[in-house]
Amino acid sequence: MDIKKTFEKYIDIFEKNFSNVKQHESSSLYKIRTEAYEKFKKHGMPDHNDENYKYAGISEICSQDYEFSLDSRGAIVDLNEYFQCEIKDLDTHIALLSNGEYYSNNKPIENIGEGVIICGLNMAINKYPEIIKEYYNQNAREYDDSFSELNTMFAKDGLFIYVPENTKIDKTIQLVNLIHGFGNKNIFKRNLIIVRKNSELSLVICDHTLNNSNNFVIDVTESVVLENAKFCYHNLQKEPNKTGVINSHFVKLNKYSKFDSYILSFHGGIIRNNLFVKMIGEFAESNLFGLNLTDREQRIDNYTLIEHDVPNCSSNELYKGILDEQAKGSFMGRIIVKPNAQKTLAYQTNRNICLTPEAKMRTKPQLEIYADDVKCSHGATVGQLDETALFYLKQRGINEKEAKLMLMFAFANDILLKINIVPLRERIAELIDSRLRGEFSACEHCLMNCNSR
Amino acid sequence: MILKLKNDNMLVIKNLHAEINGKKILKGLNLEVKPGEIHAIMGPNGSGKSTLSAVLAGKEDFIVTEGEIFYQGRNLFDLNVEERAKEGIFLSFQYPVEIPGVSMINFMKTAVNEQRKYRSLPPMSSGEFLKYMREMKDLVELKSDLANRSVNEGFSGGEKKRNEIFQMAMLKPKLAILDETDSGLDIDALRIVANGVNKVKTKENSVIVITHYQRLLEYIVPDFVHILYDGKIVKSAGKELAFELEEKGYNWIKDEIGD
C-alpha cells in the first residue's frame, strides 16, 4: 500500500457503501458525509509535499493495509468486567469505547445533573437530532483538513457529552478508548462535546490498545464551550509501536469561556495531534499544554492553530518533549491574530531535549499578527540535558542514570504542575517517572492504573 | 588491585599536568594533605586554582596529561565523579548550578541515600531525613524556606554559597574543596559560611580552601597556605603567608620566583 492506493481505497469504500441516502442514519448525515467526501476527493491524502503534514509520517502509516469494518460487531466479552480503570483517589465516571463504538454495556452515567447527557454519538444522532443539527461538524467543516474530512465521511460513533446551562459536573468524566481483537484495524472515532453557558466539565481520555496489531486510528473531537463555561480536556496517549493515530480536536470558545488542554503522549507509534482553537467571544482564555516522551522509532507531531478572532482573548501554549534513541517529532504552532483582535495576549513556548544524536525534533512557531495593540511572544528550543547540572548532581554522589532521570523529570515537571486535578497530577507524575525509567511496558494495561481481571 | 599507599595521607598529588581544549593549565603541581588538615590555595587569576578543584572532582572537560593523584591511598583516576563523591570528596562550587524543577529536598534525599547505600547503610526514612535536614539547616543558618525550593533557583549569591555549605553539612565529606566560597559574600554571610565549615570540621576530615583573599582565612584558619602560580605551587608556608600576600600582592611572588 501507499498514500495513493489508500486514498483510492477510501474513495472506493465511500462510493460503494455511502453514496445512497438510505445507507445513513439521516438525510442530514448523508449531506454532511457527502460534503466531506467531495472535499476529501478534492484535497486528497496529504503527503510530504503538504506543508502541514510534511513530517507526520503519513507514507509510513499508509504503507500498510488496514481492515475497514462497515458493520458494528460489538464486544463479545463484558468489557466492564474485563476492564477496570481507576485513578487512585479520583472519583470518575467511566465510559468505554470499544473499537470506536460506544460500548453498549457501559454503566449508565446518571444523577450528575439535570439535563446532562453522556452517551454514544450514534445514540445522540437518533435521540437528539436538534442538538446534532446545531453542533455536529460545525467546527470541523470550517477547516480544510483531509483527515477530518475522512473522519466525517466514515465515523459513526464516539462519545457525546451535553452539559446544559448552569451545571457544574463535579466528577471527572473518563473516556477509555479500547482497541481489541485481531487484525490491523482502521478505526474512526468522533466525539462531540457541548458545554453550555456557566457550566463546567472535566474530561480525561485515555487510549488503551489490547491487541498487538498495527492499527490506524483517525479521531475527531469537536468541542463547543459557550459563554462563561469551562472545559478541561486531558488526553493521555499510549499507543503500540506501529500504530498510526491522527487525532484532531476542534474547539470553539465563546465569551468569557475557558479551555484547558493537556495532551500527554507517553508512547507513540506514529501520532499526529491537531488542535484547532477558535476564539470567537471576547475575554475567552485557552491554555494548551503538551508533553511528549518518546524513544525507539516513535514519532509524535503536534500541530496547533489558535485563531484570535475577537479582542481581549488570551492564549497560552506550552509544549515540551523528550526524545530518546531514534525518536522523531515536530511541533508547529500557528497563531493568527485577526485585525480587530486588539488587546490579545498570545504566548507560545516549545522546548525539547534530544537525548541522542539520532533523535530529531523540528519546531516551527508561526505567528501571524494583524492587530497592532497585542502582546505576543514565542520561544522554541531543541537542546540536550544541561551538562553542568548533571555534573553538579553527580558530584553529590547521585549516579549518572538517576541524575539524568532527575533532570528529565524536572523538565517535564513544568507541564505536570499545570494539571489542576491533584490525584490525576500525582498519577501522571508516576507515569512520567516510570516512563522515564523505561519501566513503562510493565504497565500492561490502561494508562490510568487499571486492574485487569 | 587497589594500591595502598601510606594510610596517613588524605590526598597526594604528584606532578599533575592538566589541560582544557588543548590549553595547558596545570604544569606539575604537587600537594599532600593529611587527615584533619586545612590547606589554603591562593593565587592570581588564571593560575589554575579552579582547574585543580575540577580535576579533583572529576569534571570530564579537563584532561590530565601527566602525574598521579592518590586519595586515601587509591588512584583517584580509577573513580568516576559519583564514586569520588561517595568516597567523601565534596566540591563547593564557585558557581552553584540552578536546577529548576528539582527540589532541594528531593536532591538531598537522593544524594544522602545514594551515599548511604554505597556504605551499606539503609536509606533514611522520610521522618529521619527531615529531622536531619532541619538540624543541618540550623547548623549553617540556612533560611528554612530555601529547602522547599528548586535547587539554587532564584537564590541570591550568598544563599547559593550557604546552600553549598549546607550540602556539605548534610553529606559529611572526608575531603571538602571550597572553590572561592567567599566570592560574592558580604562580611556577615562570610562569617556564617565559615562557621558552618568549622562546625562540620572534625579531626579526621580535611579541607582545601581555594581563595583569592586572606579574608576567609581569618575564620577558617589554615594549617598551610600554598601559592599557586602558572600551574605550579611555588611557595608553601603556614597561615602567616596569607597575611604576607594580602600586604604585598602577587607581584611580590612573581619577583621572588624570578618570573
# chains A, B, ... in the order shown; residues from 1 in each chain; ligands from 1

$ select_by_dssp --residues "segment 71-178 of chain A" --states "strand (DSSP E)" --output "list in words"
Phe83, Gln84, Thr92, His93, Ile94, Ala95, Leu96, Leu97, Ser98, Glu101, Tyr102, Ile117, Ile118, Cys119, Gly120, Leu159, Phe160, Ile161, Tyr162, Val163, Thr172, Ile173, Gln174, Leu175, Val176, Asn177 and Leu178 of chain A

$ interface_residues --of "chain A" --to "chain B" --cutoff "6 Å" --atoms "only C-alpha atoms" --output "tab-separated table (two decimals) with C-alpha atoms, in the first residue's frame"
chain	number	residue	atom	x	y	z
A	389	ALA	CA	23.58	20.47	36.18
A	394	LYS	CA	26.83	13.59	40.24
A	395	GLN	CA	29.29	15.49	42.43
A	396	ARG	CA	26.89	14.94	45.31
A	397	GLY	CA	27.05	11.19	44.77
A	398	ILE	CA	23.98	10.70	42.62
A	399	ASN	CA	24.75	8.22	39.88
A	410	ALA	CA	12.32	18.33	36.27

$ select_by_dssp --residues "segment 357-419 of chain A" --states "helix (DSSP H, G or I)" --output "list in words"
Glu387, Thr388, Ala389, Leu390, Phe391, Tyr392, Leu393, Lys394, Gln395, Glu400, Lys401, Glu402, Ala403, Lys404, Leu405, Met406, Leu407, Met408, Phe409, Ala410, Phe411, Ala412, Asn413, Asp414, Ile415 and Leu416 of chain A

$ write_last_selection --atoms "C-alpha atoms" --output "mmCIF file, in the first residue's frame"
data_model
loop_
_atom_site.group_PDB
_atom_site.id
_atom_site.type_symbol
_atom_site.label_atom_id
_atom_site.label_comp_id
_atom_site.auth_asym_id
_atom_site.auth_seq_id
_atom_site.Cartn_x
_atom_site.Cartn_y
_atom_site.Cartn_z
ATOM 1 C CA GLU A 387 25.836 19.119 31.439
ATOM 2 C CA THR A 388 26.712 21.475 34.266
ATOM 3 C CA ALA A 389 23.578 20.471 36.178
ATOM 4 C CA LEU A 390 24.370 16.814 35.562
ATOM 5 C CA PHE A 391 27.886 17.276 36.922
ATOM 6 C CA TYR A 392 26.521 19.100 39.954
ATOM 7 C CA LEU A 393 24.160 16.223 40.811
ATOM 8 C CA LYS A 394 26.829 13.592 40.242
ATOM 9 C CA GLN A 395 29.290 15.487 42.434
ATOM 10 C CA GLU A 400 24.525 9.263 36.283
ATOM 11 C CA LYS A 401 21.342 7.389 35.432
ATOM 12 C CA GLU A 402 19.467 8.765 38.418
ATOM 13 C CA ALA A 403 20.833 12.266 37.822
ATOM 14 C CA LYS A 404 19.614 12.196 34.227
ATOM 15 C CA LEU A 405 16.212 10.997 35.379
ATOM 16 C CA MET A 406 16.004 13.835 37.871
ATOM 17 C CA LEU A 407 16.768 16.371 35.177
ATOM 18 C CA MET A 408 14.292 14.850 32.746
ATOM 19 C CA PHE A 409 11.608 14.717 35.379
ATOM 20 C CA ALA A 410 12.321 18.328 36.271
ATOM 21 C CA PHE A 411 11.945 19.226 32.616
ATOM 22 C CA ALA A 412 8.549 17.525 32.443
ATOM 23 C CA ASN A 413 7.553 18.978 35.790
ATOM 24 C CA ASP A 414 6.547 22.306 34.249
ATOM 25 C CA ILE A 415 3.677 20.614 32.483
ATOM 26 C CA LEU A 416 2.804 18.469 35.459
#

$ atom_distance --atom1 "atom CA of Gly67 of chain B" --atom2 "atom CA of Lys14 of chain B"
5.5 Å

$ atom_distance --atom1 "atom CA of Gln384 of chain A" --atom2 "atom CA of His267 of chain A"
20.3 Å

$ residues_around --residues "segment 131-139 of chain B" --least-positions-apart "4" --cutoff "8 Å" --atoms "only C-alpha atoms" --output "list in words"
Gly127, Lys143, Ser144, Phe166, Ala169, Met170, Gly196 and Lys199 of chain B

$ write_last_selection --atoms "N, CA and C atoms" --output "mmCIF file, in the first residue's frame"
data_model
loop_
_atom_site.group_PDB
_atom_site.id
_atom_site.type_symbol
_atom_site.label_atom_id
_atom_site.label_comp_id
_atom_site.auth_asym_id
_atom_site.auth_seq_id
_atom_site.Cartn_x
_atom_site.Cartn_y
_atom_site.Cartn_z
ATOM 1 N N GLY B 127 10.877 10.716 57.791
ATOM 2 C CA GLY B 127 10.891 11.403 59.079
ATOM 3 C C GLY B 127 12.304 11.686 59.551
ATOM 4 N N LYS B 143 18.066 29.705 55.742
ATOM 5 C CA LYS B 143 16.656 30.055 55.901
ATOM 6 C C LYS B 143 15.786 28.849 55.562
ATOM 7 N N SER B 144 14.761 28.644 56.340
ATOM 8 C CA SER B 144 14.064 27.365 56.234
ATOM 9 C C SER B 144 13.358 27.183 54.891
ATOM 10 N N PHE B 166 25.588 24.005 53.380
ATOM 11 C CA PHE B 166 24.511 23.161 53.907
ATOM 12 C C PHE B 166 24.633 21.738 53.345
ATOM 13 N N ALA B 169 27.365 19.971 54.995
ATOM 14 C CA ALA B 169 26.967 19.503 56.327
ATOM 15 C C ALA B 169 26.129 18.231 56.222
ATOM 16 N N MET B 170 25.268 18.180 55.224
ATOM 17 C CA MET B 170 24.409 17.003 55.032
ATOM 18 C C MET B 170 25.238 15.764 54.675
ATOM 19 N N GLY B 196 29.870 27.562 59.547
ATOM 20 C CA GLY B 196 29.318 26.285 59.084
ATOM 21 C C GLY B 196 30.432 25.296 58.798
ATOM 22 N N LYS B 199 32.039 24.082 61.982
ATOM 23 C CA LYS B 199 31.205 23.164 62.769
ATOM 24 C C LYS B 199 31.216 21.762 62.183
#

$ residues_around --residues "segment 125-129 of chain A" --least-positions-apart "5" --cutoff "9 Å" --atoms "only C-alpha atoms" --output "ChimeraX atom specification"
/A:25-26,29,120,134

$ write_last_selection --atoms "C-alpha atoms" --output "PDB file, in the first residue's frame"
ATOM      1  CA  GLU A  25     -28.725   7.480   9.855  1.00  0.00           C
ATOM      2  CA  SER A  26     -30.494  10.526   8.464  1.00  0.00           C
ATOM      3  CA  LEU A  29     -25.828  12.958   7.968  1.00  0.00           C
ATOM      4  CA  GLY A 120     -22.665   7.360  22.417  1.00  0.00           C
ATOM      5  CA  GLU A 134     -26.867  22.593  15.630  1.00  0.00           C
TER       6      GLU A 134
END

$ residues_around --residues "Pro339 of chain A" --least-positions-apart "5" --cutoff "12 Å" --atoms "only C-alpha atoms" --output "PyMOL selection string"
chain A and resi 307-311+344+368-374

$ residues_around --residues "Gly184 of chain B" --least-positions-apart "2" --cutoff "12 Å" --atoms "only C-alpha atoms" --output "number ranges by chain"
B: 94-95, 156-162, 180-182, 186-190, 193, 211-213, 216

$ write_last_selection --atoms "C-alpha atoms" --output "PDB file, in the first residue's frame"
ATOM      1  CA  GLN B  94      32.361  28.546  42.711  1.00  0.00           C
ATOM      2  CA  TYR B  95      29.184  28.933  40.657  1.00  0.00           C
ATOM      3  CA  SER B 156      20.990  35.185  45.806  1.00  0.00           C
ATOM      4  CA  GLY B 157      24.752  34.798  45.508  1.00  0.00           C
ATOM      5  CA  GLY B 158      25.090  34.495  49.271  1.00  0.00           C
ATOM      6  CA  GLU B 159      22.255  31.994  49.551  1.00  0.00           C
ATOM      7  CA  LYS B 160      23.857  29.820  46.912  1.00  0.00           C
ATOM      8  CA  LYS B 161      27.132  29.689  48.811  1.00  0.00           C
ATOM      9  CA  ARG B 162      25.365  28.995  52.058  1.00  0.00           C
ATOM     10  CA  GLU B 180      36.116  30.523  46.082  1.00  0.00           C
ATOM     11  CA  THR B 181      33.297  30.028  48.516  1.00  0.00           C
ATOM     12  CA  ASP B 182      33.979  33.539  49.805  1.00  0.00           C
ATOM     13  CA  ASP B 186      29.285  40.161  52.481  1.00  0.00           C
ATOM     14  CA  ILE B 187      31.011  40.045  55.840  1.00  0.00           C
ATOM     15  CA  ASP B 188      28.041  38.558  57.729  1.00  0.00           C
ATOM     16  CA  ALA B 189      27.453  35.856  55.161  1.00  0.00           C
ATOM     17  CA  LEU B 190      31.171  35.105  55.149  1.00  0.00           C
ATOM     18  CA  VAL B 193      29.599  30.228  55.898  1.00  0.00           C
ATOM     19  CA  THR B 211      40.583  31.712  47.617  1.00  0.00           C
ATOM     20  CA  HIS B 212      41.912  34.994  46.314  1.00  0.00           C
ATOM     21  CA  TYR B 213      41.784  36.744  49.608  1.00  0.00           C
ATOM     22  CA  LEU B 216      38.074  33.964  54.670  1.00  0.00           C
TER      23      LEU B 216
END

$ closest_residue --among "B:Lys235, B:Ile69, B:Val140, B:Asp145" --to "Met104 of chain B" --atoms "only C-alpha atoms"
B:Asp145
